[in-house]
>>> print(open('upload_17.cif').read())   # mmCIF, C-alpha atoms and all ligand atoms
data_protein
#
loop_
_atom_site.label_atom_id
_atom_site.label_comp_id
_atom_site.auth_asym_id
_atom_site.auth_seq_id
_atom_site.Cartn_x
_atom_site.Cartn_y
_atom_site.Cartn_z
CA MET R 12 5.55 0.37 -23.07
CA LYS R 13 6.93 3.57 -21.58
CA PRO R 14 9.16 3.29 -18.52
CA LEU R 15 8.12 5.17 -15.40
CA LYS R 16 10.46 8.11 -14.86
CA MET R 17 10.80 9.96 -11.58
CA GLY R 18 13.64 12.42 -12.07
CA ASN R 19 16.85 10.41 -12.32
CA ILE R 20 15.13 7.14 -11.42
CA GLU R 21 13.51 4.93 -13.99
CA ALA R 22 11.52 1.70 -13.72
CA LYS R 23 11.45 -0.24 -17.00
CA VAL R 24 8.00 -1.61 -16.24
CA PRO R 25 5.45 0.99 -15.06
CA VAL R 26 4.01 -1.30 -12.40
CA ILE R 27 4.34 -0.48 -8.72
CA GLN R 28 3.66 -3.26 -6.26
CA GLY R 29 1.59 -1.60 -3.54
CA GLY R 30 2.90 -1.82 0.01
CA MET R 31 1.06 -4.41 2.12
CA GLY R 32 1.29 -4.51 5.88
CA ILE R 33 1.81 -6.27 8.17
CA GLY R 34 4.44 -8.57 6.75
CA ILE R 35 2.83 -9.19 3.34
CA SER R 36 5.21 -7.11 1.22
CA LEU R 37 8.66 -7.31 2.74
CA GLY R 38 12.08 -7.63 1.14
CA GLY R 39 11.26 -10.89 -0.66
CA LEU R 40 8.29 -9.64 -2.67
CA ALA R 41 9.64 -6.12 -3.20
CA GLY R 42 12.99 -7.48 -4.40
CA ALA R 43 11.32 -9.88 -6.83
CA VAL R 44 9.17 -7.10 -8.33
CA ALA R 45 12.16 -4.75 -8.64
CA LEU R 46 14.16 -7.52 -10.34
CA GLU R 47 11.46 -7.79 -13.01
CA GLY R 48 11.73 -4.06 -13.74
CA GLY R 49 8.76 -2.86 -11.66
CA ILE R 50 8.89 -0.92 -8.40
CA GLY R 51 9.00 -3.08 -5.28
CA ILE R 52 7.50 -1.56 -2.14
CA ILE R 53 8.23 -2.86 1.36
CA SER R 54 5.55 -2.12 3.95
CA ALA R 55 7.05 -0.63 7.09
CA ALA R 56 3.91 -1.27 9.15
CA GLN R 57 5.06 -3.18 12.26
CA ILE R 58 7.82 -4.57 10.04
CA GLY R 59 9.75 -5.85 13.04
CA TYR R 60 7.06 -8.31 14.13
CA ARG R 61 9.48 -11.25 13.85
CA GLU R 62 12.25 -9.55 15.86
CA PRO R 63 12.82 -10.96 19.37
CA ASP R 64 12.27 -7.58 21.06
CA PHE R 65 9.13 -6.64 19.14
CA ASP R 66 6.95 -6.88 22.28
CA THR R 67 9.39 -5.08 24.57
CA ASP R 68 10.87 -2.41 22.27
CA THR R 69 8.65 -2.22 19.20
CA LYS R 70 10.28 0.86 17.78
CA ALA R 71 13.83 -0.55 17.91
CA ALA R 72 12.59 -3.81 16.38
CA ASN R 73 10.87 -1.94 13.54
CA LEU R 74 13.88 0.29 12.86
CA ARG R 75 16.18 -2.74 12.65
CA ALA R 76 13.79 -4.61 10.38
CA ILE R 77 13.51 -1.64 7.99
CA LYS R 78 17.23 -1.98 7.32
CA LYS R 79 17.15 -5.79 7.10
CA GLU R 80 14.23 -5.97 4.69
CA TYR R 81 15.71 -3.25 2.49
CA GLU R 82 19.01 -5.14 2.32
CA LYS R 83 17.17 -8.34 1.48
CA ALA R 84 15.33 -6.64 -1.41
CA ARG R 85 18.50 -4.90 -2.58
CA ASN R 86 20.41 -8.21 -2.68
CA ILE R 87 17.69 -9.68 -4.88
CA ALA R 88 17.59 -6.65 -7.20
CA PRO R 89 20.87 -4.72 -7.02
CA GLU R 90 19.80 -2.40 -9.85
CA GLY R 91 16.06 -2.32 -9.17
CA VAL R 92 13.79 0.42 -7.84
CA ILE R 93 12.88 -0.29 -4.22
CA GLY R 94 10.84 1.81 -1.85
CA PHE R 95 8.86 1.78 1.39
CA ASN R 96 5.21 2.33 2.18
CA LEU R 97 4.83 4.35 5.36
CA MET R 98 1.45 5.13 6.86
CA VAL R 99 1.03 8.62 8.28
CA ALA R 100 -1.24 7.18 10.97
CA MET R 101 1.67 5.17 12.45
CA ARG R 102 3.25 6.31 15.65
CA HIS R 103 6.96 7.19 15.17
CA TYR R 104 6.21 7.85 11.47
CA GLU R 105 9.04 10.38 11.26
CA ASP R 106 11.63 8.01 12.70
CA TYR R 107 10.57 5.24 10.35
CA VAL R 108 10.73 7.60 7.34
CA ARG R 109 14.26 8.62 8.31
CA ALA R 110 15.28 4.97 8.76
CA ALA R 111 13.91 4.11 5.30
CA VAL R 112 15.89 6.96 3.76
CA GLU R 113 19.03 5.95 5.64
CA ALA R 114 18.62 2.35 4.52
CA GLY R 115 18.78 3.60 0.92
CA ALA R 116 15.15 3.65 -0.28
CA ASP R 117 14.64 5.06 -3.77
CA LEU R 118 11.05 6.04 -3.01
CA ILE R 119 8.65 6.62 -0.15
CA VAL R 120 4.97 6.02 -0.78
CA SER R 121 2.84 7.43 1.99
CA GLY R 122 -0.88 7.38 2.74
CA ALA R 123 -3.40 6.46 5.46
CA GLY R 124 -3.64 10.15 6.19
CA LEU R 125 -2.07 12.92 4.14
CA PRO R 126 1.75 13.07 4.32
CA THR R 127 1.79 16.84 4.68
CA ASP R 128 5.16 17.02 6.45
CA LEU R 129 7.01 14.35 4.47
CA PRO R 130 9.25 16.79 2.50
CA GLY R 131 10.32 18.41 5.78
CA ILE R 132 11.18 15.04 7.33
CA VAL R 133 13.42 13.91 4.44
CA GLY R 134 15.02 17.33 3.93
CA ASP R 135 17.67 17.29 1.20
CA ALA R 136 17.78 13.52 0.80
CA GLN R 137 17.53 12.35 -2.80
CA VAL R 138 14.65 9.97 -2.06
CA LYS R 139 11.56 10.31 -4.26
CA LEU R 140 8.26 11.11 -2.55
CA ALA R 141 4.87 9.71 -3.53
CA PRO R 142 1.77 10.69 -1.56
CA ILE R 143 -1.37 8.57 -1.93
CA VAL R 144 -4.67 10.32 -2.58
CA SER R 145 -8.14 8.98 -3.27
CA THR R 146 -10.16 12.11 -3.96
CA GLU R 147 -9.86 15.41 -5.78
CA LYS R 148 -10.08 17.13 -2.41
CA SER R 149 -7.10 15.25 -0.93
CA ALA R 150 -5.07 15.85 -4.11
CA LYS R 151 -5.74 19.58 -3.85
CA VAL R 152 -4.82 19.70 -0.17
CA ILE R 153 -1.49 17.88 -0.47
CA LEU R 154 -0.32 19.62 -3.65
CA LYS R 155 -1.21 23.03 -2.29
CA TYR R 156 0.42 22.38 1.08
CA TRP R 157 3.69 21.05 -0.39
CA ASP R 158 3.82 23.96 -2.84
CA LYS R 159 3.21 26.62 -0.18
CA LYS R 160 5.34 25.15 2.59
CA TYR R 161 8.12 23.33 0.74
CA LYS R 162 8.05 24.64 -2.85
CA ARG R 163 7.95 21.02 -3.90
CA ILE R 164 5.75 18.77 -6.01
CA PRO R 165 5.45 14.99 -5.60
CA ASP R 166 7.84 12.83 -7.65
CA LEU R 167 4.86 10.52 -8.17
CA LEU R 168 1.22 10.78 -7.15
CA VAL R 169 -0.52 7.50 -6.32
CA ILE R 170 -4.27 7.59 -6.90
CA GLU R 171 -5.92 4.80 -4.95
CA GLY R 172 -9.47 3.92 -5.94
CA PRO R 173 -12.33 2.24 -4.07
CA LEU R 174 -11.49 -1.35 -5.12
CA ALA R 175 -8.15 -1.38 -3.27
CA GLY R 176 -7.28 -3.53 -0.27
CA GLY R 177 -6.35 -2.61 3.26
CA HIS R 178 -7.57 0.66 4.73
CA LEU R 179 -9.48 2.75 2.22
CA GLY R 180 -9.31 6.50 1.76
CA PHE R 181 -13.08 7.02 1.58
CA ALA R 182 -15.94 7.34 3.98
CA ARG R 183 -18.39 4.44 3.59
CA GLU R 184 -20.99 6.42 1.60
CA LYS R 185 -18.38 7.70 -0.85
CA LEU R 186 -17.06 4.17 -1.23
CA GLU R 187 -20.46 2.89 -2.37
CA LYS R 188 -20.88 5.80 -4.74
CA PHE R 189 -17.44 5.29 -6.30
CA GLU R 190 -17.60 1.50 -6.61
CA GLU R 191 -19.41 2.12 -9.88
CA PRO R 192 -16.30 2.23 -12.20
CA ALA R 193 -17.55 5.17 -14.29
CA ALA R 194 -18.09 7.27 -11.16
CA TYR R 195 -14.50 6.86 -10.03
CA ALA R 196 -13.12 7.46 -13.55
CA GLY R 197 -14.66 10.94 -13.26
CA GLU R 198 -12.89 11.53 -9.96
CA VAL R 199 -9.58 10.35 -11.46
CA LYS R 200 -9.98 12.87 -14.26
CA ARG R 201 -10.61 15.62 -11.72
CA ILE R 202 -7.51 14.56 -9.77
CA LEU R 203 -5.46 14.59 -12.99
CA ALA R 204 -6.73 18.10 -13.76
CA VAL R 205 -5.36 19.25 -10.38
CA VAL R 206 -2.04 17.54 -11.23
CA ARG R 207 -1.89 19.30 -14.61
CA ASP R 208 -2.28 22.70 -12.89
CA TYR R 209 0.80 22.03 -10.74
CA GLU R 210 2.74 20.62 -13.71
CA LYS R 211 2.15 23.94 -15.45
CA LEU R 212 3.14 25.90 -12.38
CA TYR R 213 6.45 24.01 -12.01
CA GLY R 214 7.08 23.33 -15.74
CA LYS R 215 7.65 19.71 -14.80
CA LYS R 216 5.80 16.42 -15.19
CA ILE R 217 4.22 14.81 -12.15
CA PRO R 218 3.88 11.11 -12.96
CA THR R 219 0.76 9.39 -11.62
CA ALA R 220 -0.01 5.77 -10.73
CA LEU R 221 -3.56 4.47 -10.52
CA GLY R 222 -4.35 1.63 -8.11
CA GLY R 223 -7.30 -0.34 -6.78
CA GLY R 224 -8.65 -3.42 -8.52
CA ILE R 225 -6.12 -3.31 -11.36
CA ASP R 226 -5.38 -6.98 -11.92
CA THR R 227 -5.58 -7.70 -15.66
CA PRO R 228 -3.79 -6.40 -18.77
CA GLU R 229 -7.09 -4.79 -19.85
CA ALA R 230 -7.40 -2.93 -16.53
CA VAL R 231 -3.80 -1.73 -16.90
CA ARG R 232 -4.54 -0.49 -20.41
CA ASP R 233 -7.69 1.31 -19.17
CA ALA R 234 -5.68 3.04 -16.42
CA PHE R 235 -3.24 4.35 -19.02
CA SER R 236 -6.05 5.53 -21.29
CA LEU R 237 -7.48 7.49 -18.36
CA GLY R 238 -4.17 9.35 -18.23
CA ALA R 239 -2.08 7.49 -15.63
CA ASP R 240 1.63 6.87 -16.23
CA ALA R 241 1.77 3.70 -14.13
CA VAL R 242 -0.39 1.34 -12.09
CA GLN R 243 -0.13 0.32 -8.46
CA ALA R 244 -1.22 -3.28 -7.93
CA ALA R 245 -1.16 -5.22 -4.68
CA THR R 246 -3.77 -8.00 -4.43
CA ARG R 247 -2.50 -9.74 -7.54
CA PHE R 248 0.96 -10.06 -5.91
CA VAL R 249 -0.32 -11.76 -2.75
CA THR R 250 -0.76 -15.11 -4.48
CA THR R 251 2.82 -15.25 -5.71
CA GLU R 252 5.55 -17.61 -4.58
CA GLU R 253 7.67 -14.63 -3.58
CA CYS R 254 5.04 -12.85 -1.43
CA ASP R 255 6.30 -12.76 2.15
CA ALA R 256 3.09 -13.99 3.81
CA ASP R 257 2.42 -17.54 5.00
CA ILE R 258 1.01 -19.93 2.37
CA ARG R 259 -2.27 -20.21 4.32
CA TYR R 260 -2.86 -16.48 3.85
CA LYS R 261 -2.32 -16.85 0.09
CA GLU R 262 -4.68 -19.86 0.08
CA SER R 263 -7.38 -17.78 1.78
CA TYR R 264 -7.42 -15.58 -1.36
CA ILE R 265 -7.62 -18.64 -3.61
CA LYS R 266 -10.52 -20.09 -1.56
CA ALA R 267 -12.44 -16.80 -1.21
CA ARG R 268 -15.64 -16.31 -3.16
CA LYS R 269 -16.83 -12.90 -4.29
CA GLU R 270 -19.41 -12.74 -1.49
CA ASP R 271 -16.72 -13.43 1.14
CA ILE R 272 -15.04 -10.08 0.45
CA ILE R 273 -16.55 -7.42 2.64
CA ILE R 274 -16.02 -3.92 3.97
CA VAL R 275 -15.09 -3.90 7.64
CA LYS R 276 -14.60 -1.08 10.06
CA SER R 277 -11.07 -1.29 11.36
CA PRO R 278 -10.65 -0.71 15.11
CA VAL R 279 -9.58 2.86 14.43
CA GLY R 280 -12.80 3.60 12.57
CA MET R 281 -11.51 3.62 8.99
CA PRO R 282 -13.23 1.36 6.45
CA GLY R 283 -11.14 -1.47 5.07
CA ARG R 284 -11.67 -4.44 2.79
CA ALA R 285 -11.09 -7.98 4.00
CA ILE R 286 -12.14 -11.61 3.66
CA ASN R 287 -14.96 -12.54 6.01
CA ASN R 288 -13.83 -15.11 8.57
CA GLU R 289 -14.36 -16.39 12.10
CA MET R 290 -12.75 -13.34 13.72
CA ILE R 291 -14.87 -10.85 11.81
CA ARG R 292 -18.03 -12.80 12.69
CA ARG R 293 -17.06 -12.81 16.38
CA VAL R 294 -16.48 -9.05 16.34
CA ALA R 295 -19.74 -8.46 14.45
CA ALA R 296 -21.53 -10.46 17.17
CA GLY R 297 -20.24 -7.97 19.73
CA GLU R 298 -17.32 -9.94 21.12
CA LYS R 299 -14.28 -8.05 22.37
CA ILE R 300 -11.18 -10.02 21.46
CA PRO R 301 -8.49 -9.90 24.15
CA HIS R 302 -5.19 -8.60 22.89
CA SER R 303 -1.47 -8.81 23.61
CA PRO R 304 0.23 -5.87 25.35
CA CYS R 305 -0.29 -2.74 23.23
CA HIS R 306 2.45 -2.03 20.66
CA ARG R 307 1.27 1.56 20.30
CA CYS R 308 1.01 1.34 16.53
CA LEU R 309 -1.57 3.94 15.49
CA HIS R 310 -2.17 7.46 16.74
CA GLN R 311 -5.96 7.24 16.79
CA CYS R 312 -6.24 3.96 18.67
CA ASN R 313 -7.54 3.75 22.23
CA PRO R 314 -6.68 0.21 23.38
CA ALA R 315 -9.37 0.25 26.09
CA GLN R 316 -12.17 0.76 23.57
CA ILE R 317 -11.31 -1.29 20.51
CA PRO R 318 -13.10 -4.58 19.69
CA TYR R 319 -9.81 -6.16 18.56
CA CYS R 320 -6.19 -5.12 18.10
CA ILE R 321 -5.25 -4.43 14.49
CA THR R 322 -1.57 -5.27 15.03
CA ASP R 323 -2.47 -8.66 16.53
CA ALA R 324 -5.02 -9.39 13.80
CA LEU R 325 -2.66 -8.47 10.94
CA ILE R 326 0.26 -10.42 12.43
CA HIS R 327 -2.00 -13.47 12.69
CA ALA R 328 -2.71 -12.99 8.97
CA ALA R 329 0.96 -12.81 7.96
CA LYS R 330 1.69 -15.92 10.05
CA GLY R 331 -1.16 -17.85 8.45
CA GLU R 332 -3.38 -18.05 11.55
CA VAL R 333 -6.21 -17.16 9.25
CA GLU R 334 -9.26 -17.62 11.48
CA ASP R 335 -7.87 -15.22 14.11
CA ALA R 336 -6.79 -12.71 11.52
CA LEU R 337 -7.83 -9.60 9.65
CA LEU R 338 -7.34 -10.80 6.05
CA PHE R 339 -6.98 -7.53 4.16
CA CYS R 340 -7.54 -7.90 0.41
CA GLY R 341 -8.58 -5.97 -2.67
CA ALA R 342 -12.06 -6.31 -4.23
CA ASN R 343 -10.76 -8.74 -6.86
CA ALA R 344 -8.98 -11.14 -4.50
CA TYR R 345 -11.61 -13.83 -5.19
CA LYS R 346 -10.34 -14.05 -8.77
CA ALA R 347 -7.05 -15.64 -7.68
CA ASP R 348 -7.07 -19.35 -8.50
CA LYS R 349 -3.44 -20.37 -8.26
CA ILE R 350 -0.03 -19.41 -6.95
CA GLU R 351 2.03 -17.66 -9.62
CA THR R 352 5.50 -16.20 -9.78
CA VAL R 353 6.12 -12.45 -9.71
CA LYS R 354 7.50 -12.73 -13.25
CA GLU R 355 4.26 -14.31 -14.46
CA VAL R 356 2.18 -11.54 -12.83
CA ILE R 357 4.32 -8.74 -14.26
CA ASP R 358 4.44 -10.33 -17.72
CA ASP R 359 0.65 -10.59 -17.66
CA LEU R 360 0.00 -7.05 -16.41
CA LYS R 361 2.25 -5.45 -19.02
CA LYS R 362 0.97 -7.61 -21.89
CA LEU R 363 -1.09 -4.92 -23.64
CA LEU R 364 1.24 -1.98 -23.05
C1 LIG R 401 -3.17 -7.14 2.14
C2 LIG R 401 -3.07 -5.69 1.84
C3 LIG R 401 -2.43 -4.85 2.74
C4 LIG R 401 -2.27 -3.49 2.46
N1 LIG R 401 -1.58 -2.71 3.31
C5 LIG R 401 -1.36 -1.41 3.01
C6 LIG R 401 -0.54 -0.60 3.86
O1 LIG R 401 0.00 -1.06 4.86
N2 LIG R 401 -0.40 0.71 3.51
C7 LIG R 401 -0.97 1.23 2.39
O2 LIG R 401 -0.80 2.43 2.13
N3 LIG R 401 -1.72 0.48 1.56
C8 LIG R 401 -1.91 -0.83 1.84
N4 LIG R 401 -2.64 -1.60 0.98
C9 LIG R 401 -3.12 -1.00 -0.31
C10 LIG R 401 -2.18 -1.37 -1.46
O3 LIG R 401 -0.90 -0.83 -1.29
C11 LIG R 401 -2.69 -0.97 -2.85
O4 LIG R 401 -2.64 0.38 -3.08
C12 LIG R 401 -4.08 -1.42 -3.21
O5 LIG R 401 -4.44 -2.58 -2.56
C13 LIG R 401 -4.19 -1.61 -4.71
O6 LIG R 401 -5.35 -2.29 -5.08
P1 LIG R 401 -5.32 -3.86 -5.44
O7 LIG R 401 -4.97 -4.56 -4.20
O8 LIG R 401 -6.72 -4.12 -5.91
O9 LIG R 401 -4.31 -4.08 -6.54
C14 LIG R 401 -2.82 -2.96 1.25
C15 LIG R 401 -3.49 -3.81 0.37
C16 LIG R 401 -3.61 -5.15 0.64
C17 LIG R 401 -4.31 -6.04 -0.35
#
>>> encode(input="upload_17.cif", output="structure tokens")
Amino acid sequence: MKPLKMGNIEAKVPVIQGGMGIGISLGGLAGAVALEGGIGIISAAQIGYREPDFDTDTKAANLRAIKKEYEKARNIAPEGVIGFNLMVAMRHYEDYVRAAVEAGADLIVSGAGLPTDLPGIVGDAQVKLAPIVSTEKSAKVILKYWDKKYKRIPDLLVIEGPLAGGHLGFAREKLEKFEEPAAYAGEVKRILAVVRDYEKLYGKKIPTALGGGIDTPEAVRDAFSLGADAVQAATRFVTTEECDADIRYKESYIKARKEDIIIVKSPVGMPGRAINNEMIRRVAAGEKIPHSPCHRCLHQCNPAQIPYCITDALIHAAKGEVEDALLFCGANAYKADKIETVKEVIDDLKKLL
């Protein structure tokens, strides 16, 4: 097993725990993964949802919680690699990035849009930067833009495939086309070819992590044989003792059958993968679900038009109010049949490396 190296930072186990918002991967899960030698990622999406002023001053609550959750993870894994996942689509993205850097993050993983301006936001800070791409086209755009504007390459490129959870980086038609594993393997190879061009240009390795449906030692081995240097796994970590979500959310994965996992259109129009439940059925039947005062989370959202509020629905999920929730999950969530520890998951994933 080769460690994952990003400049002066090294993770003994080349497994990144993908960021999961809202409130699914916080300091507890990220710290536990980092302690086992992997990379623990805290999701910054509405991270302050448990702060008393979340409804009245969402930004201040989120900024405070970024620091708290980082400290929690750092106390669990003083020597571990700990980062944040920040979605470009979030309002106040720049402020949250700066807060993550100030807190001490080793790494920022950023997707849900292309993080074109991320190098400019962090400036000279030593933090490592990892954009998420899903297609050859997005890889080309981000690498070219960072090269031209910042003379910089990513410290890690996360390649997220069609079997991932949460919002997906594909239009619906592309998603169907790529769900056939061989079809996406071709796209991964094309993305890696783009990466190799920039490695040559800079005379420096750009490590890559492949994610989306990677939940067994065999899948990890396959990702490495495709040419990745690490994997990013998320779903498999939801059903761990250390995952920060309510037990009822974890149980919804254990109860789910394959046919319960569906593609939904999130209120902002992006496709996402989730477990079918009462709330999704109500929305599909045309119901408009009343929401709490708007927390102004995403740029593209128009609160007057949406069928439900994504912040409300994801907070319900983290709190275990599972019938009123958007239960984001990866395509393989139905395979979970018990609660494990993070150590058990990591030991299993790295078994064939
Ligand atoms: C519950 C859940 C929430 C997620 N939330 C986010 C998020 O806030 N930002 C993000 O970039 N990716 C998010 N993802 C994607 C993961 O970080 C990860 O890349 C992907 O799910 C990997 O596939 P896997 O879940 O099959 O292992 C989420 C995934 C899940 C399952």
>>> residues_near_ligand(input="upload_17.cif", ligand="ligand LIG 401 (chain R)", cutoff="7 Å", atoms="all atoms listed in the file", output="MDAnalysis selection string")
chainID R and resid 29:33 35 54 56 96:98 121:123 171 174:178 222:226 243:247 338:343
>>> residues_around(input="upload_17.cif", residues="Glu80 in chain R", least_positions_apart="3", cutoff="8 Å", atoms="all atoms listed in the file", output="list of chain:residue names")
R:Leu37, R:Gly38, R:Gly39, R:Ile53, R:Ala76, R:Ile77, R:Lys83, R:Ala84
>>> residues_near_point(input="upload_17.cif", point="(-18.0, -16.2, -3.0)", cutoff="12 Å", atoms="all atoms listed in the file", output="MDAnalysis selection string")
chainID R and resid 263:273 286:287 342:347
>>> atom_distance(input="upload_17.cif", atom1="CA of Lys362 in chain R", atom2="CA of Gly238 in chain R")
18.1 Å
>>> closest_residue(input="upload_17.cif", among="R:Ile119, R:Ala114, R:Ile170, R:Ile321", to="Tyr195 in chain R", atoms="all atoms listed in the file")
R:Ile170
>>> decode(input="upload_17.cif", residues="range 218-300 of chain R", atoms="C-alpha atoms", output="PDB file, in the first residue's frame")
ATOM      1  CA  PRO R 218      -2.307  12.700  -7.321  1.00  0.00           C
ATOM      2  CA  THR R 219      -5.855  11.605  -8.141  1.00  0.00           C
ATOM      3  CA  ALA R 220      -8.630  10.063  -6.050  1.00  0.00           C
ATOM      4  CA  LEU R 221     -11.511   8.164  -7.613  1.00  0.00           C
ATOM      5  CA  GLY R 222     -14.897   8.173  -5.870  1.00  0.00           C
ATOM      6  CA  GLY R 223     -18.461   7.006  -6.396  1.00  0.00           C
ATOM      7  CA  GLY R 224     -19.636   3.535  -5.438  1.00  0.00           C
ATOM      8  CA  ILE R 225     -16.250   2.419  -4.103  1.00  0.00           C
ATOM      9  CA  ASP R 226     -17.212   0.333  -1.105  1.00  0.00           C
ATOM     10  CA  THR R 227     -15.280  -2.954  -1.241  1.00  0.00           C
ATOM     11  CA  PRO R 228     -11.589  -3.926  -1.294  1.00  0.00           C
ATOM     12  CA  GLU R 229     -12.097  -5.149  -4.883  1.00  0.00           C
ATOM     13  CA  ALA R 230     -13.512  -1.776  -5.963  1.00  0.00           C
ATOM     14  CA  VAL R 231     -10.547  -0.035  -4.309  1.00  0.00           C
ATOM     15  CA  ARG R 232      -8.147  -2.312  -6.161  1.00  0.00           C
ATOM     16  CA  ASP R 233      -9.955  -1.628  -9.465  1.00  0.00           C
ATOM     17  CA  ALA R 234      -9.677   2.139  -8.893  1.00  0.00           C
ATOM     18  CA  PHE R 235      -5.927   1.804  -8.428  1.00  0.00           C
ATOM     19  CA  SER R 236      -5.577  -0.356 -11.535  1.00  0.00           C
ATOM     20  CA  LEU R 237      -7.372   2.347 -13.519  1.00  0.00           C
ATOM     21  CA  GLY R 238      -4.579   4.702 -12.469  1.00  0.00           C
ATOM     22  CA  ALA R 239      -5.898   6.480  -9.355  1.00  0.00           C
ATOM     23  CA  ASP R 240      -3.598   7.118  -6.386  1.00  0.00           C
ATOM     24  CA  ALA R 241      -6.386   7.076  -3.793  1.00  0.00           C
ATOM     25  CA  VAL R 242     -10.123   6.530  -3.407  1.00  0.00           C
ATOM     26  CA  GLN R 243     -12.783   8.837  -2.034  1.00  0.00           C
ATOM     27  CA  ALA R 244     -15.514   6.905  -0.218  1.00  0.00           C
ATOM     28  CA  ALA R 245     -18.492   8.355   1.600  1.00  0.00           C
ATOM     29  CA  THR R 246     -21.549   6.066   1.735  1.00  0.00           C
ATOM     30  CA  ARG R 247     -19.637   3.281   3.438  1.00  0.00           C
ATOM     31  CA  PHE R 248     -18.769   5.661   6.308  1.00  0.00           C
ATOM     32  CA  VAL R 249     -22.379   6.657   7.016  1.00  0.00           C
ATOM     33  CA  THR R 250     -23.148   3.401   8.807  1.00  0.00           C
ATOM     34  CA  THR R 251     -20.289   3.772  11.261  1.00  0.00           C
ATOM     35  CA  GLU R 252     -20.511   4.418  14.981  1.00  0.00           C
ATOM     36  CA  GLU R 253     -18.452   7.568  14.533  1.00  0.00           C
ATOM     37  CA  CYS R 254     -20.549   9.131  11.729  1.00  0.00           C
ATOM     38  CA  ASP R 255     -22.046  12.368  13.027  1.00  0.00           C
ATOM     39  CA  ALA R 256     -25.623  11.737  11.840  1.00  0.00           C
ATOM     40  CA  ASP R 257     -28.492  10.493  14.001  1.00  0.00           C
ATOM     41  CA  ILE R 258     -28.800   6.697  14.320  1.00  0.00           C
ATOM     42  CA  ARG R 259     -32.148   6.769  12.461  1.00  0.00           C
ATOM     43  CA  TYR R 260     -30.402   8.166   9.388  1.00  0.00           C
ATOM     44  CA  LYS R 261     -27.851   5.338   9.526  1.00  0.00           C
ATOM     45  CA  GLU R 262     -30.697   2.827   9.960  1.00  0.00           C
ATOM     46  CA  SER R 263     -32.397   4.179   6.835  1.00  0.00           C
ATOM     47  CA  TYR R 264     -29.351   2.960   4.852  1.00  0.00           C
ATOM     48  CA  ILE R 265     -29.499  -0.445   6.545  1.00  0.00           C
ATOM     49  CA  LYS R 266     -33.244  -0.774   5.783  1.00  0.00           C
ATOM     50  CA  ALA R 267     -33.032   0.506   2.185  1.00  0.00           C
ATOM     51  CA  ARG R 268     -33.458  -1.941  -0.668  1.00  0.00           C
ATOM     52  CA  LYS R 269     -31.802  -1.438  -4.032  1.00  0.00           C
ATOM     53  CA  GLU R 270     -35.059  -0.220  -5.586  1.00  0.00           C
ATOM     54  CA  ASP R 271     -35.474   2.434  -2.872  1.00  0.00           C
ATOM     55  CA  ILE R 272     -32.412   4.330  -4.110  1.00  0.00           C
ATOM     56  CA  ILE R 273     -33.438   6.824  -6.738  1.00  0.00           C
ATOM     57  CA  ILE R 274     -32.284   9.890  -8.626  1.00  0.00           C
ATOM     58  CA  VAL R 275     -34.070  13.034  -7.496  1.00  0.00           C
ATOM     59  CA  LYS R 276     -33.975  16.545  -8.802  1.00  0.00           C
ATOM     60  CA  SER R 277     -32.796  18.767  -5.987  1.00  0.00           C
ATOM     61  CA  PRO R 278     -34.676  22.070  -5.593  1.00  0.00           C
ATOM     62  CA  VAL R 279     -31.882  23.859  -7.423  1.00  0.00           C
ATOM     63  CA  GLY R 280     -32.259  21.613 -10.455  1.00  0.00           C
ATOM     64  CA  MET R 281     -29.182  19.414 -10.037  1.00  0.00           C
ATOM     65  CA  PRO R 282     -29.666  15.643 -10.008  1.00  0.00           C
ATOM     66  CA  GLY R 283     -28.903  13.893  -6.747  1.00  0.00           C
ATOM     67  CA  ARG R 284     -29.179  10.386  -5.353  1.00  0.00           C
ATOM     68  CA  ALA R 285     -31.316   9.647  -2.320  1.00  0.00           C
ATOM     69  CA  ILE R 286     -33.475   7.059  -0.577  1.00  0.00           C
ATOM     70  CA  ASN R 287     -37.119   7.259  -1.599  1.00  0.00           C
ATOM     71  CA  ASN R 288     -39.323   8.262   1.331  1.00  0.00           C
ATOM     72  CA  GLU R 289     -42.513  10.043   2.317  1.00  0.00           C
ATOM     73  CA  MET R 290     -41.124  13.507   1.539  1.00  0.00           C
ATOM     74  CA  ILE R 291     -39.968  12.577  -1.948  1.00  0.00           C
ATOM     75  CA  ARG R 292     -43.355  10.989  -2.692  1.00  0.00           C
ATOM     76  CA  ARG R 293     -45.151  14.149  -1.519  1.00  0.00           C
ATOM     77  CA  VAL R 294     -42.966  16.336  -3.727  1.00  0.00           C
ATOM     78  CA  ALA R 295     -43.417  13.976  -6.690  1.00  0.00           C
ATOM     79  CA  ALA R 296     -47.189  14.283  -6.198  1.00  0.00           C
ATOM     80  CA  GLY R 297     -46.865  18.032  -6.678  1.00  0.00           C
ATOM     81  CA  GLU R 298     -46.964  19.157  -3.064  1.00  0.00           C
ATOM     82  CA  LYS R 299     -45.040  22.271  -2.084  1.00  0.00           C
ATOM     83  CA  ILE R 300     -43.551  21.722   1.354  1.00  0.00           C
TER      84      ILE R 300
END
